[in-house]
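Novice: Data file model_1.pdb (PDB, C-alpha atoms, pLDDT in the B column) is appended below.
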```
ATOM      1  CA  MET A 816       0.000   0.000   0.000  1.00 65.00           C
ATOM      2  CA  THR A 817       2.905   2.323   0.934  1.00 77.00           C
ATOM      3  CA  GLY A 818       2.509   5.434  -1.263  1.00 88.00           C
ATOM      4  CA  VAL A 819       4.604   8.593  -1.167  1.00 95.00           C
ATOM      5  CA  ALA A 820       4.819  10.359   2.205  1.00 97.00           C
ATOM      6  CA  ILE A 821       4.956  14.142   2.586  1.00 98.00           C
ATOM      7  CA  ILE A 822       5.793  15.097   6.174  1.00 98.00           C
ATOM      8  CA  GLU A 823       5.400  18.493   7.825  1.00 98.00           C
ATOM      9  CA  PRO A 824       6.298  19.438  11.422  1.00 98.00           C
ATOM     10  CA  ASP A 825       2.799  20.210  12.686  1.00 98.00           C
ATOM     11  CA  PRO A 826      -0.897  20.213  11.644  1.00 97.00           C
ATOM     12  CA  ALA A 827      -0.842  23.884  10.568  1.00 98.00           C
ATOM     13  CA  ALA A 828       2.124  23.392   8.233  1.00 98.00           C
ATOM     14  CA  LEU A 829       0.547  20.162   6.993  1.00 98.00           C
ATOM     15  CA  ALA A 830      -2.680  21.961   6.081  1.00 98.00           C
ATOM     16  CA  ARG A 831      -0.744  24.662   4.231  1.00 98.00           C
ATOM     17  CA  ARG A 832       1.232  22.096   2.256  1.00 98.00           C
ATOM     18  CA  LEU A 833      -1.877  20.174   1.229  1.00 98.00           C
ATOM     19  CA  ALA A 834      -3.753  23.368   0.348  1.00 98.00           C
ATOM     20  CA  GLN A 835      -0.919  24.373  -1.978  1.00 98.00           C
ATOM     21  CA  TRP A 836      -0.879  20.896  -3.512  1.00 98.00           C
ATOM     22  CA  LEU A 837      -4.626  21.078  -4.172  1.00 97.00           C
ATOM     23  CA  VAL A 838      -4.319  24.537  -5.731  1.00 96.00           C
ATOM     24  CA  GLU A 839      -1.686  23.196  -8.116  1.00 96.00           C
ATOM     25  CA  ARG A 840      -3.639  20.049  -8.978  1.00 95.00           C
ATOM     26  CA  ILE A 841      -6.872  21.907  -9.637  1.00 93.00           C
ATOM     27  CA  GLY A 842      -5.065  24.525 -11.703  1.00 91.00           C
ATOM     28  CA  ALA A 843      -3.383  21.862 -13.831  1.00 91.00           C
ATOM     29  CA  THR A 844      -6.667  20.128 -14.731  1.00 87.00           C
ATOM     30  CA  GLU A 845      -8.398  21.368 -17.865  1.00 82.00           C
ATOM     31  CA  ARG A 846     -11.736  19.670 -17.219  1.00 86.00           C
ATOM     32  CA  PRO A 847     -13.876  19.839 -14.034  1.00 90.00           C
ATOM     33  CA  LEU A 848     -12.147  18.035 -11.176  1.00 97.00           C
ATOM     34  CA  ARG A 849     -14.089  15.597  -8.985  1.00 98.00           C
ATOM     35  CA  LEU A 850     -12.973  15.700  -5.354  1.00 98.00           C
ATOM     36  CA  ALA A 851     -14.254  13.428  -2.579  1.00 98.00           C
ATOM     37  CA  ILE A 852     -13.666  14.959   0.854  1.00 98.00           C
ATOM     38  CA  SER A 853     -13.673  13.670   4.415  1.00 97.00           C
ATOM     39  CA  GLY A 854     -15.063  14.832   7.738  1.00 95.00           C
ATOM     40  CA  GLY A 855     -13.658  14.757  11.239  1.00 92.00           C
ATOM     41  CA  SER A 856     -11.418  17.317  12.904  1.00 94.00           C
ATOM     42  CA  THR A 857      -8.178  16.811  10.944  1.00 97.00           C
ATOM     43  CA  PRO A 858      -9.216  18.496   7.654  1.00 98.00           C
ATOM     44  CA  ARG A 859     -10.778  21.507   9.386  1.00 98.00           C
ATOM     45  CA  PRO A 860      -7.607  23.695   9.113  1.00 98.00           C
ATOM     46  CA  LEU A 861      -7.298  22.720   5.450  1.00 98.00           C
ATOM     47  CA  TYR A 862     -10.888  23.727   4.728  1.00 98.00           C
ATOM     48  CA  ARG A 863     -10.337  27.084   6.420  1.00 98.00           C
ATOM     49  CA  LEU A 864      -7.342  27.734   4.189  1.00 98.00           C
ATOM     50  CA  LEU A 865      -9.316  26.778   1.090  1.00 98.00           C
ATOM     51  CA  ALA A 866     -12.099  29.150   2.130  1.00 98.00           C
ATOM     52  CA  ALA A 867      -9.630  32.026   1.789  1.00 97.00           C
ATOM     53  CA  GLU A 868      -8.064  30.745  -1.440  1.00 96.00           C
ATOM     54  CA  ARG A 869      -8.455  33.052  -4.436  1.00 94.00           C
ATOM     55  CA  ARG A 870      -6.358  31.169  -7.015  1.00 93.00           C
ATOM     56  CA  ILE A 871      -8.992  28.506  -7.734  1.00 94.00           C
ATOM     57  CA  ASP A 872     -11.773  28.712 -10.288  1.00 94.00           C
ATOM     58  CA  TRP A 873     -14.345  27.070  -8.032  1.00 95.00           C
ATOM     59  CA  ALA A 874     -16.741  26.443 -10.915  1.00 94.00           C
ATOM     60  CA  ARG A 875     -14.257  23.803 -12.130  1.00 92.00           C
ATOM     61  CA  LEU A 876     -14.565  21.729  -8.959  1.00 96.00           C
ATOM     62  CA  GLU A 877     -17.190  19.112  -8.048  1.00 98.00           C
ATOM     63  CA  ILE A 878     -17.391  18.097  -4.372  1.00 98.00           C
ATOM     64  CA  PHE A 879     -18.479  14.713  -3.017  1.00 98.00           C
ATOM     65  CA  TRP A 880     -18.240  13.131   0.431  1.00 98.00           C
ATOM     66  CA  SER A 881     -16.411   9.920   1.315  1.00 98.00           C
ATOM     67  CA  ASP A 882     -18.825   9.290   4.172  1.00 98.00           C
ATOM     68  CA  GLU A 883     -21.482  10.871   6.351  1.00 98.00           C
ATOM     69  CA  ARG A 884     -22.897  10.408   9.803  1.00 98.00           C
ATOM     70  CA  PHE A 885     -26.613   9.651   9.668  1.00 98.00           C
ATOM     71  CA  VAL A 886     -27.678  12.937  11.247  1.00 98.00           C
ATOM     72  CA  PRO A 887     -29.441  15.990   9.762  1.00 98.00           C
ATOM     73  CA  HIS A 888     -27.213  18.292   7.717  1.00 98.00           C
ATOM     74  CA  ASP A 889     -27.555  21.018  10.350  1.00 97.00           C
ATOM     75  CA  HIS A 890     -26.426  18.682  13.157  1.00 97.00           C
ATOM     76  CA  PRO A 891     -23.058  19.513  14.817  1.00 96.00           C
ATOM     77  CA  ASP A 892     -21.725  16.059  13.875  1.00 97.00           C
ATOM     78  CA  SER A 893     -22.583  16.327  10.181  1.00 98.00           C
ATOM     79  CA  ASN A 894     -19.603  16.070   7.829  1.00 98.00           C
ATOM     80  CA  TYR A 895     -21.511  18.194   5.332  1.00 98.00           C
ATOM     81  CA  ARG A 896     -22.109  20.922   7.889  1.00 98.00           C
ATOM     82  CA  MET A 897     -18.439  21.111   8.884  1.00 98.00           C
ATOM     83  CA  ALA A 898     -17.196  21.404   5.299  1.00 98.00           C
ATOM     84  CA  ASN A 899     -19.922  23.882   4.400  1.00 98.00           C
ATOM     85  CA  GLU A 900     -19.370  26.135   7.405  1.00 98.00           C
ATOM     86  CA  GLU A 901     -15.577  26.111   7.200  1.00 98.00           C
ATOM     87  CA  TRP A 902     -15.152  26.231   3.429  1.00 98.00           C
ATOM     88  CA  LEU A 903     -17.902  25.788   0.854  1.00 98.00           C
ATOM     89  CA  SER A 904     -20.206  28.590   2.008  1.00 98.00           C
ATOM     90  CA  HIS A 905     -17.290  31.037   1.667  1.00 98.00           C
ATOM     91  CA  VAL A 906     -16.372  30.381  -1.966  1.00 98.00           C
ATOM     92  CA  ASP A 907     -18.154  30.881  -5.257  1.00 97.00           C
ATOM     93  CA  ILE A 908     -18.837  27.246  -6.070  1.00 96.00           C
ATOM     94  CA  PRO A 909     -22.096  26.505  -7.924  1.00 96.00           C
ATOM     95  CA  ASN A 910     -24.661  24.669  -5.817  1.00 97.00           C
ATOM     96  CA  GLN A 911     -25.048  22.015  -8.506  1.00 97.00           C
ATOM     97  CA  ASN A 912     -21.356  21.150  -8.077  1.00 97.00           C
ATOM     98  CA  ILE A 913     -21.832  20.196  -4.407  1.00 98.00           C
ATOM     99  CA  HIS A 914     -23.088  16.659  -3.837  1.00 98.00           C
ATOM    100  CA  PRO A 915     -23.750  15.927  -0.151  1.00 98.00           C
ATOM    101  CA  ILE A 916     -24.958  12.545   1.057  1.00 98.00           C
ATOM    102  CA  SER A 917     -28.645  12.804   1.959  1.00 98.00           C
ATOM    103  CA  THR A 918     -29.795  11.706   5.421  1.00 98.00           C
ATOM    104  CA  ASP A 919     -33.502  12.376   5.007  1.00 97.00           C
ATOM    105  CA  THR A 920     -34.983   8.854   4.746  1.00 97.00           C
ATOM    106  CA  ASP A 921     -33.263   5.674   5.962  1.00 98.00           C
ATOM    107  CA  PRO A 922     -29.550   4.780   5.632  1.00 98.00           C
ATOM    108  CA  ASP A 923     -29.965   2.129   2.952  1.00 98.00           C
ATOM    109  CA  ASP A 924     -32.187   4.322   0.783  1.00 98.00           C
ATOM    110  CA  CYS A 925     -29.824   7.282   1.157  1.00 98.00           C
ATOM    111  CA  ALA A 926     -26.851   5.091   0.246  1.00 98.00           C
ATOM    112  CA  ARG A 927     -28.602   3.827  -2.884  1.00 98.00           C
ATOM    113  CA  ARG A 928     -29.568   7.355  -3.921  1.00 98.00           C
ATOM    114  CA  TYR A 929     -25.985   8.563  -3.495  1.00 99.00           C
ATOM    115  CA  GLU A 930     -24.722   5.657  -5.561  1.00 98.00           C
ATOM    116  CA  ALA A 931     -27.199   6.655  -8.264  1.00 98.00           C
ATOM    117  CA  THR A 932     -25.789  10.200  -8.129  1.00 98.00           C
ATOM    118  CA  LEU A 933     -22.250   8.891  -8.543  1.00 98.00           C
ATOM    119  CA  LYS A 934     -23.231   6.671 -11.462  1.00 98.00           C
ATOM    120  CA  SER A 935     -24.980   9.583 -13.139  1.00 98.00           C
ATOM    121  CA  VAL A 936     -21.911  11.801 -12.777  1.00 98.00           C
ATOM    122  CA  TYR A 937     -19.616   8.975 -13.897  1.00 98.00           C
ATOM    123  CA  GLY A 938     -21.831   8.139 -16.854  1.00 98.00           C
ATOM    124  CA  ALA A 939     -21.798   4.377 -16.340  1.00 98.00           C
ATOM    125  CA  ASP A 940     -23.034   1.672 -13.985  1.00 98.00           C
ATOM    126  CA  ALA A 941     -19.677  -0.120 -13.808  1.00 98.00           C
ATOM    127  CA  LEU A 942     -16.288   1.271 -12.855  1.00 98.00           C
ATOM    128  CA  ASP A 943     -13.580   1.241 -15.514  1.00 97.00           C
ATOM    129  CA  PRO A 944     -10.042   0.888 -14.078  1.00 93.00           C
ATOM    130  CA  THR A 945      -8.744   3.246 -16.766  1.00 95.00           C
ATOM    131  CA  ARG A 946     -11.273   5.981 -15.944  1.00 97.00           C
ATOM    132  CA  PRO A 947     -11.351   7.036 -12.271  1.00 98.00           C
ATOM    133  CA  LEU A 948     -14.592   7.988 -10.574  1.00 98.00           C
ATOM    134  CA  PHE A 949     -12.803  10.718  -8.605  1.00 98.00           C
ATOM    135  CA  ASP A 950      -9.765  12.738  -9.554  1.00 98.00           C
ATOM    136  CA  ILE A 951      -8.838  13.030  -5.874  1.00 98.00           C
ATOM    137  CA  ALA A 952     -10.187  11.251  -2.802  1.00 98.00           C
ATOM    138  CA  LEU A 953      -9.193  12.976   0.441  1.00 98.00           C
ATOM    139  CA  LEU A 954      -9.294  10.507   3.328  1.00 98.00           C
ATOM    140  CA  GLY A 955      -8.519  10.489   7.023  1.00 98.00           C
ATOM    141  CA  LEU A 956      -7.340   7.710   9.288  1.00 98.00           C
ATOM    142  CA  GLY A 957      -8.533   6.796  12.770  1.00 98.00           C
ATOM    143  CA  PRO A 958      -6.374   5.310  15.525  1.00 98.00           C
ATOM    144  CA  ASP A 959      -8.308   2.059  14.971  1.00 98.00           C
ATOM    145  CA  GLY A 960      -7.324   2.071  11.292  1.00 98.00           C
ATOM    146  CA  HIS A 961     -10.688   3.070   9.854  1.00 98.00           C
ATOM    147  CA  THR A 962     -10.956   5.367   6.869  1.00 98.00           C
ATOM    148  CA  ALA A 963     -14.153   7.005   5.581  1.00 98.00           C
ATOM    149  CA  SER A 964     -16.696   4.908   7.550  1.00 98.00           C
ATOM    150  CA  LEU A 965     -15.059   1.614   6.699  1.00 98.00           C
ATOM    151  CA  LEU A 966     -15.121   0.556  10.336  1.00 98.00           C
ATOM    152  CA  PRO A 967     -13.331  -2.442  11.879  1.00 98.00           C
ATOM    153  CA  GLY A 968     -15.383  -5.627  12.026  1.00 98.00           C
ATOM    154  CA  GLN A 969     -18.292  -4.332   9.937  1.00 98.00           C
ATOM    155  CA  PRO A 970     -19.817  -6.149   6.905  1.00 98.00           C
ATOM    156  CA  VAL A 971     -19.099  -3.133   4.679  1.00 98.00           C
ATOM    157  CA  LEU A 972     -15.444  -4.214   4.578  1.00 98.00           C
ATOM    158  CA  ASP A 973     -16.474  -7.115   2.348  1.00 98.00           C
ATOM    159  CA  GLU A 974     -18.737  -5.064   0.064  1.00 98.00           C
ATOM    160  CA  ARG A 975     -17.485  -5.144  -3.527  1.00 97.00           C
ATOM    161  CA  ALA A 976     -20.658  -4.647  -5.570  1.00 98.00           C
ATOM    162  CA  ARG A 977     -22.091  -1.424  -4.158  1.00 98.00           C
ATOM    163  CA  TRP A 978     -20.327   1.927  -4.475  1.00 98.00           C
ATOM    164  CA  VAL A 979     -22.055   3.332  -1.385  1.00 99.00           C
ATOM    165  CA  ALA A 980     -23.312   1.393   1.626  1.00 98.00           C
ATOM    166  CA  PRO A 981     -24.869   1.942   5.056  1.00 98.00           C
ATOM    167  CA  VAL A 982     -22.882   1.070   8.182  1.00 98.00           C
ATOM    168  CA  MET A 983     -25.394   0.355  10.899  1.00 98.00           C
ATOM    169  CA  LYS A 984     -23.067  -0.594  13.763  1.00 97.00           C
ATOM    170  CA  GLY A 985     -19.646   0.290  15.083  1.00 97.00           C
ATOM    171  CA  ARG A 986     -20.406   3.869  16.132  1.00 97.00           C
ATOM    172  CA  SER A 987     -23.056   5.683  18.153  1.00 95.00           C
ATOM    173  CA  GLU A 988     -24.996   6.535  14.989  1.00 96.00           C
ATOM    174  CA  PRO A 989     -25.345   4.791  11.609  1.00 98.00           C
ATOM    175  CA  ARG A 990     -23.044   5.934   8.841  1.00 98.00           C
ATOM    176  CA  ILE A 991     -23.115   6.012   5.056  1.00 98.00           C
ATOM    177  CA  THR A 992     -19.807   5.384   3.340  1.00 98.00           C
ATOM    178  CA  LEU A 993     -18.208   4.987  -0.027  1.00 99.00           C
ATOM    179  CA  THR A 994     -16.965   1.426  -0.389  1.00 98.00           C
ATOM    180  CA  TYR A 995     -13.543   0.165  -1.423  1.00 98.00           C
ATOM    181  CA  PRO A 996     -14.399  -0.034  -5.159  1.00 98.00           C
ATOM    182  CA  ALA A 997     -15.503   3.613  -5.249  1.00 98.00           C
ATOM    183  CA  LEU A 998     -12.565   4.936  -3.217  1.00 98.00           C
ATOM    184  CA  GLU A 999     -10.034   2.864  -5.119  1.00 98.00           C
ATOM    185  CA  SER A1000     -11.352   4.358  -8.375  1.00 98.00           C
ATOM    186  CA  SER A1001      -9.483   7.632  -7.809  1.00 98.00           C
ATOM    187  CA  GLY A1002      -6.763   9.301  -9.812  1.00 97.00           C
ATOM    188  CA  CYS A1003      -5.075  10.055  -6.509  1.00 97.00           C
ATOM    189  CA  VAL A1004      -5.943   8.894  -2.998  1.00 98.00           C
ATOM    190  CA  VAL A1005      -4.694  11.384  -0.404  1.00 98.00           C
ATOM    191  CA  PHE A1006      -4.477  10.478   3.264  1.00 98.00           C
ATOM    192  CA  LEU A1007      -4.340  13.458   5.626  1.00 98.00           C
ATOM    193  CA  VAL A1008      -3.253  12.319   9.085  1.00 98.00           C
ATOM    194  CA  ALA A1009      -2.064  14.206  12.157  1.00 98.00           C
ATOM    195  CA  GLY A1010      -1.355  13.191  15.735  1.00 98.00           C
ATOM    196  CA  ALA A1011       0.775  10.709  17.642  1.00 98.00           C
ATOM    197  CA  ASP A1012      -2.296   8.621  18.474  1.00 98.00           C
ATOM    198  CA  LYS A1013      -2.443   7.631  14.795  1.00 98.00           C
ATOM    199  CA  ARG A1014       1.236   6.747  14.385  1.00 98.00           C
ATOM    200  CA  ASP A1015       0.757   3.002  14.754  1.00 98.00           C
ATOM    201  CA  ALA A1016      -2.213   2.977  12.370  1.00 98.00           C
ATOM    202  CA  VAL A1017      -0.182   4.916   9.794  1.00 98.00           C
ATOM    203  CA  ARG A1018       2.705   2.487  10.046  1.00 98.00           C
ATOM    204  CA  ARG A1019       0.493  -0.587   9.767  1.00 98.00           C
ATOM    205  CA  ALA A1020      -1.716   0.781   6.987  1.00 98.00           C
ATOM    206  CA  ARG A1021       1.271   1.848   4.892  1.00 97.00           C
ATOM    207  CA  ALA A1022       2.707  -1.637   5.354  1.00 96.00           C
ATOM    208  CA  GLY A1023      -0.512  -3.112   3.960  1.00 95.00           C
ATOM    209  CA  ASP A1024      -1.743  -4.641   7.214  1.00 97.00           C
ATOM    210  CA  GLU A1025      -5.180  -5.860   6.125  1.00 97.00           C
ATOM    211  CA  SER A1026      -6.363  -6.296   9.707  1.00 98.00           C
ATOM    212  CA  LEU A1027      -6.909  -2.518   9.498  1.00 98.00           C
ATOM    213  CA  PRO A1028      -9.631  -1.213   7.176  1.00 98.00           C
ATOM    214  CA  ALA A1029      -7.236   1.344   5.678  1.00 98.00           C
ATOM    215  CA  GLY A1030      -4.717  -1.410   5.023  1.00 97.00           C
ATOM    216  CA  ARG A1031      -7.244  -3.133   2.764  1.00 97.00           C
ATOM    217  CA  LEU A1032      -7.523  -0.117   0.459  1.00 98.00           C
ATOM    218  CA  HIS A1033      -5.699  -0.710  -2.822  1.00 96.00           C
ATOM    219  CA  PRO A1034      -5.892   2.433  -4.982  1.00 96.00           C
ATOM    220  CA  GLN A1035      -5.665   1.818  -8.691  1.00 93.00           C
ATOM    221  CA  HIS A1036      -3.526   4.863  -9.322  1.00 96.00           C
ATOM    222  CA  GLU A1037      -1.563   7.390  -7.231  1.00 97.00           C
ATOM    223  CA  MET A1038      -1.512   7.554  -3.439  1.00 97.00           C
ATOM    224  CA  ILE A1039       0.058  10.216  -1.212  1.00 98.00           C
ATOM    225  CA  TRP A1040       0.267  10.387   2.584  1.00 98.00           C
ATOM    226  CA  PHE A1041       0.277  13.910   4.035  1.00 98.00           C
ATOM    227  CA  LEU A1042       1.501  13.433   7.620  1.00 98.00           C
ATOM    228  CA  ASP A1043       2.598  15.633  10.476  1.00 98.00           C
ATOM    229  CA  SER A1044       5.761  14.541  12.286  1.00 98.00           C
ATOM    230  CA  ALA A1045       3.784  13.092  15.186  1.00 98.00           C
ATOM    231  CA  ALA A1046       1.811  10.768  12.921  1.00 98.00           C
ATOM    232  CA  ALA A1047       4.840   9.901  10.814  1.00 98.00           C
ATOM    233  CA  GLY A1048       6.968   8.878  13.814  1.00 93.00           C
TER
END
```
Taking this structure as input, can you express it in the form of structure tokens?
Specialist:
Amino acid sequence: MTGVAIIEPDPAALARRLAQWLVERIGATERPLRLAISGGSTPRPLYRLLAAERRIDWARLEIFWSDERFVPHDHPDSNYRMANEEWLSHVDIPNQNIHPISTDTDPDDCARRYEATLKSVYGADALDPTRPLFDIALLGLGPDGHTASLLPGQPVLDERARWVAPVMKGRSEPRITLTYPALESSGCVVFLVAGADKRDAVRRARAGDESLPAGRLHPQHEMIWFLDSAAAG
């Protein structure tokens, strides 16, 4: 699994480095760029930097989510709410380019509707290894080795047919997550990880330890680890 590692001394420097990398990637892409983003606390500084970024033509970016907690979009725990408040509501990105995961019916129905959205955007019902679903998938990593809402011990880890699936157990609330096939269909998978509590998970995931959910992710194309020194060890 390894992938290239980019290491910065602290979370603030890490966010700046990744923001600059994203600016360059978006600027170098002639067509609209599809970006799947993550929730949690680690990307918050990055999103704040992007909110102030003026070098990006935001109309050329389409935003998707790697996972969502099954709570209303205005709930404090919503991944959509965090990204919207810290970043998306501050930039001139067309509403039709923002694709949140709905949480308005039941988890399975919402997962199936999001998969339908992805298939519509992709223009096919089957993933082609030569044509990524996402240009960039931005992922986090938990101390337990989970990424997106691919949680340890849950049936979703064995899901290979669906692109999006509900995760009913493993956390205090249900989740909806992109599955391995969808995440692996990315031009570049980017892990953003900070903190000493994640050092062991980073080491094991990068070594391809498949007892960790992140260690079972096998991107078809590029992978980069953006790490602070505490997470890198």
Novice: At most 12 Å is the cut-off: for each residue in region 909-973 of chain A with any atom that close to an atom of region 828-841 of chain A, write down the nearest atom pair and the distance in Å rounded to one decimal, counting only C-alpha atoms, chain first then increasing number, as a tab-separated table.
Specialist:
```
residue	atom	partner	partner_atom	distance
A:Asp950	CA	A:Arg840	CA	9.6
A:Ile951	CA	A:Leu837	CA	9.2
A:Ala952	CA	A:Leu837	CA	11.4
A:Leu953	CA	A:Leu833	CA	10.3
```
Novice: Set the distance at 10 Å and use only C-alpha atoms: which residues neighbour region 1023-1026 of chain A once local chain neighbours fewer than 6 positions away are removed? I'd like the list as a list in words.
Specialist: Met816, Thr817, Gly960, Pro967, Gly968, Ala1016, Val1017, Leu1032 and His1033 of chain A
Novice: On this structure, the PyMOL selection byres ((chain A and resi 902) around 10) would catch which residues? List them as a ChimeraX atom specification, sorted by chain and number.
Specialist: /A:859-868,896-901,903-906
Novice: Convert the output of the PyMOL selection byres ((chain A and resi 883-892) around 9) on the shown file into explicit residues, formatted as a PyMOL selection string.
Specialist: chain A and resi 853-855+880-882+893-897+915-919+921-922+963-964+988-992
Novice: Around (-10.8, 16.2, -12.4), as given in the file, which residues come within 8 Å? Count all atoms listed in the file and list them as a list in words.
Specialist: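 Collected hits near the coordinates: Ile841, Thr844, Glu845, Arg846, Pro847, Leu848, Arg849, Leu850, Leu876, Phe949, Asp950 and Ile951 of chain A.
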Novice: Just want the 7 Å neighbourhood of Val819 (chain A), counted on all atoms listed in the file, with same-chain residues fewer than 4 positions away dropped. Output as a PDB file with C-alpha atoms, in the frame of the given file.
Specialist:
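Saved to selection-v9.pdb:
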```pdb
ATOM      1  CA  MET A1038      -1.512   7.554  -3.439  1.00 97.00           C
ATOM      2  CA  ILE A1039       0.058  10.216  -1.212  1.00 98.00           C
ATOM      3  CA  TRP A1040       0.267  10.387   2.584  1.00 98.00           C
TER       4      TRP A1040
END
```
Novice: For Gly1010 (chain A), list every protein, DNA or RNA residue within 10 Å, evaluated using all atoms listed in the file, and leave out those in the same chain fewer than 2 positions away; present the list as a list of chain:residue names.
Specialist: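 My reading of the contact set: A:Asp825, A:Pro826, A:Thr857, A:Pro958, A:Val1008, A:Asp1012, A:Lys1013, A:Arg1014, A:Leu1042, A:Asp1043, A:Ser1044, A:Ala1045, A:Ala1046, A:Ala1047, A:Gly1048.
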Novice: When the PyMOL selection byres ((chain A and resi 995) around 9) is applied to the file above, which residues end up in the set, as a PyMOL selection string?
Specialist: chain A and resi 965+971-975+978+993-994+996-1000+1031-1034
Novice: Go through A:Leu948, A:Ala980, A:Leu954, A:Thr962 and flag the residue nearest Arg928 (chain A), using all atoms listed in the file for the distances.
Specialist: A:Ala980
Novice: When distances are computed from all atoms listed in the file, which of A:Val1005, A:Arg1019, A:Arg977, A:Ile821 shows the smallest separation from Asp940 (chain A)?
Specialist: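 Smallest separation from Asp940 (chain A) among the options: A:Arg977.
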Novice: Using the incomplete input, complete region 1006-1024 of chain A to the level of N, CA and C atoms; output as a PDB file, keeping the file's coordinate frame.
Specialist:
```
ATOM      1  N   PHE A1006      -4.223  10.619   1.831  1.00 98.00           N
ATOM      2  CA  PHE A1006      -4.477  10.478   3.264  1.00 98.00           C
ATOM      3  C   PHE A1006      -3.919  11.694   3.972  1.00 98.00           C
ATOM      4  N   LEU A1007      -4.754  12.327   4.796  1.00 98.00           N
ATOM      5  CA  LEU A1007      -4.340  13.458   5.626  1.00 98.00           C
ATOM      6  C   LEU A1007      -4.434  13.009   7.076  1.00 98.00           C
ATOM      7  N   VAL A1008      -3.284  12.906   7.747  1.00 98.00           N
ATOM      8  CA  VAL A1008      -3.253  12.319   9.085  1.00 98.00           C
ATOM      9  C   VAL A1008      -2.345  13.136   9.990  1.00 98.00           C
ATOM     10  N   ALA A1009      -2.848  13.455  11.170  1.00 98.00           N
ATOM     11  CA  ALA A1009      -2.064  14.206  12.157  1.00 98.00           C
ATOM     12  C   ALA A1009      -2.279  13.597  13.540  1.00 98.00           C
ATOM     13  N   GLY A1010      -1.226  13.614  14.346  1.00 98.00           N
ATOM     14  CA  GLY A1010      -1.355  13.191  15.735  1.00 98.00           C
ATOM     15  C   GLY A1010      -0.632  11.903  16.057  1.00 98.00           C
ATOM     16  N   ALA A1011       0.021  11.884  17.216  1.00 98.00           N
ATOM     17  CA  ALA A1011       0.775  10.709  17.642  1.00 98.00           C
ATOM     18  C   ALA A1011      -0.115   9.503  17.885  1.00 98.00           C
ATOM     19  N   ASP A1012      -1.397   9.745  18.217  1.00 98.00           N
ATOM     20  CA  ASP A1012      -2.296   8.621  18.474  1.00 98.00           C
ATOM     21  C   ASP A1012      -2.582   7.804  17.216  1.00 98.00           C
ATOM     22  N   LYS A1013      -2.204   8.342  16.051  1.00 98.00           N
ATOM     23  CA  LYS A1013      -2.443   7.631  14.795  1.00 98.00           C
ATOM     24  C   LYS A1013      -1.161   7.039  14.203  1.00 98.00           C
ATOM     25  N   ARG A1014      -0.062   7.179  14.919  1.00 98.00           N
ATOM     26  CA  ARG A1014       1.236   6.747  14.385  1.00 98.00           C
ATOM     27  C   ARG A1014       1.250   5.256  14.063  1.00 98.00           C
ATOM     28  N   ASP A1015       0.741   4.446  14.980  1.00 98.00           N
ATOM     29  CA  ASP A1015       0.757   3.002  14.754  1.00 98.00           C
ATOM     30  C   ASP A1015      -0.140   2.621  13.579  1.00 98.00           C
ATOM     31  N   ALA A1016      -1.305   3.264  13.488  1.00 98.00           N
ATOM     32  CA  ALA A1016      -2.213   2.977  12.370  1.00 98.00           C
ATOM     33  C   ALA A1016      -1.583   3.374  11.048  1.00 98.00           C
ATOM     34  N   VAL A1017      -0.876   4.498  11.018  1.00 98.00           N
ATOM     35  CA  VAL A1017      -0.182   4.916   9.794  1.00 98.00           C
ATOM     36  C   VAL A1017       0.839   3.863   9.390  1.00 98.00           C
ATOM     37  N   ARG A1018       1.661   3.463  10.344  1.00 98.00           N
ATOM     38  CA  ARG A1018       2.705   2.487  10.046  1.00 98.00           C
ATOM     39  C   ARG A1018       2.111   1.186   9.506  1.00 98.00           C
ATOM     40  N   ARG A1019       1.077   0.686  10.159  1.00 98.00           N
ATOM     41  CA  ARG A1019       0.493  -0.587   9.767  1.00 98.00           C
ATOM     42  C   ARG A1019      -0.256  -0.474   8.430  1.00 98.00           C
ATOM     43  N   ALA A1020      -0.980   0.613   8.245  1.00 98.00           N
ATOM     44  CA  ALA A1020      -1.716   0.781   6.987  1.00 98.00           C
ATOM     45  C   ALA A1020      -0.761   0.907   5.811  1.00 98.00           C
ATOM     46  N   ARG A1021       0.308   1.672   5.985  1.00 97.00           N
ATOM     47  CA  ARG A1021       1.271   1.848   4.892  1.00 97.00           C
ATOM     48  C   ARG A1021       1.996   0.545   4.571  1.00 97.00           C
ATOM     49  N   ALA A1022       2.086  -0.334   5.570  1.00 96.00           N
ATOM     50  CA  ALA A1022       2.707  -1.637   5.354  1.00 96.00           C
ATOM     51  C   ALA A1022       1.735  -2.643   4.735  1.00 96.00           C
ATOM     52  N   GLY A1023       0.480  -2.228   4.558  1.00 95.00           N
ATOM     53  CA  GLY A1023      -0.512  -3.112   3.960  1.00 95.00           C
ATOM     54  C   GLY A1023      -1.107  -4.120   4.916  1.00 95.00           C
ATOM     55  N   ASP A1024      -1.150  -3.762   6.198  1.00 97.00           N
ATOM     56  CA  ASP A1024      -1.743  -4.641   7.214  1.00 97.00           C
ATOM     57  C   ASP A1024      -3.257  -4.675   7.011  1.00 97.00           C
TER      58      ASP A1024
END
```
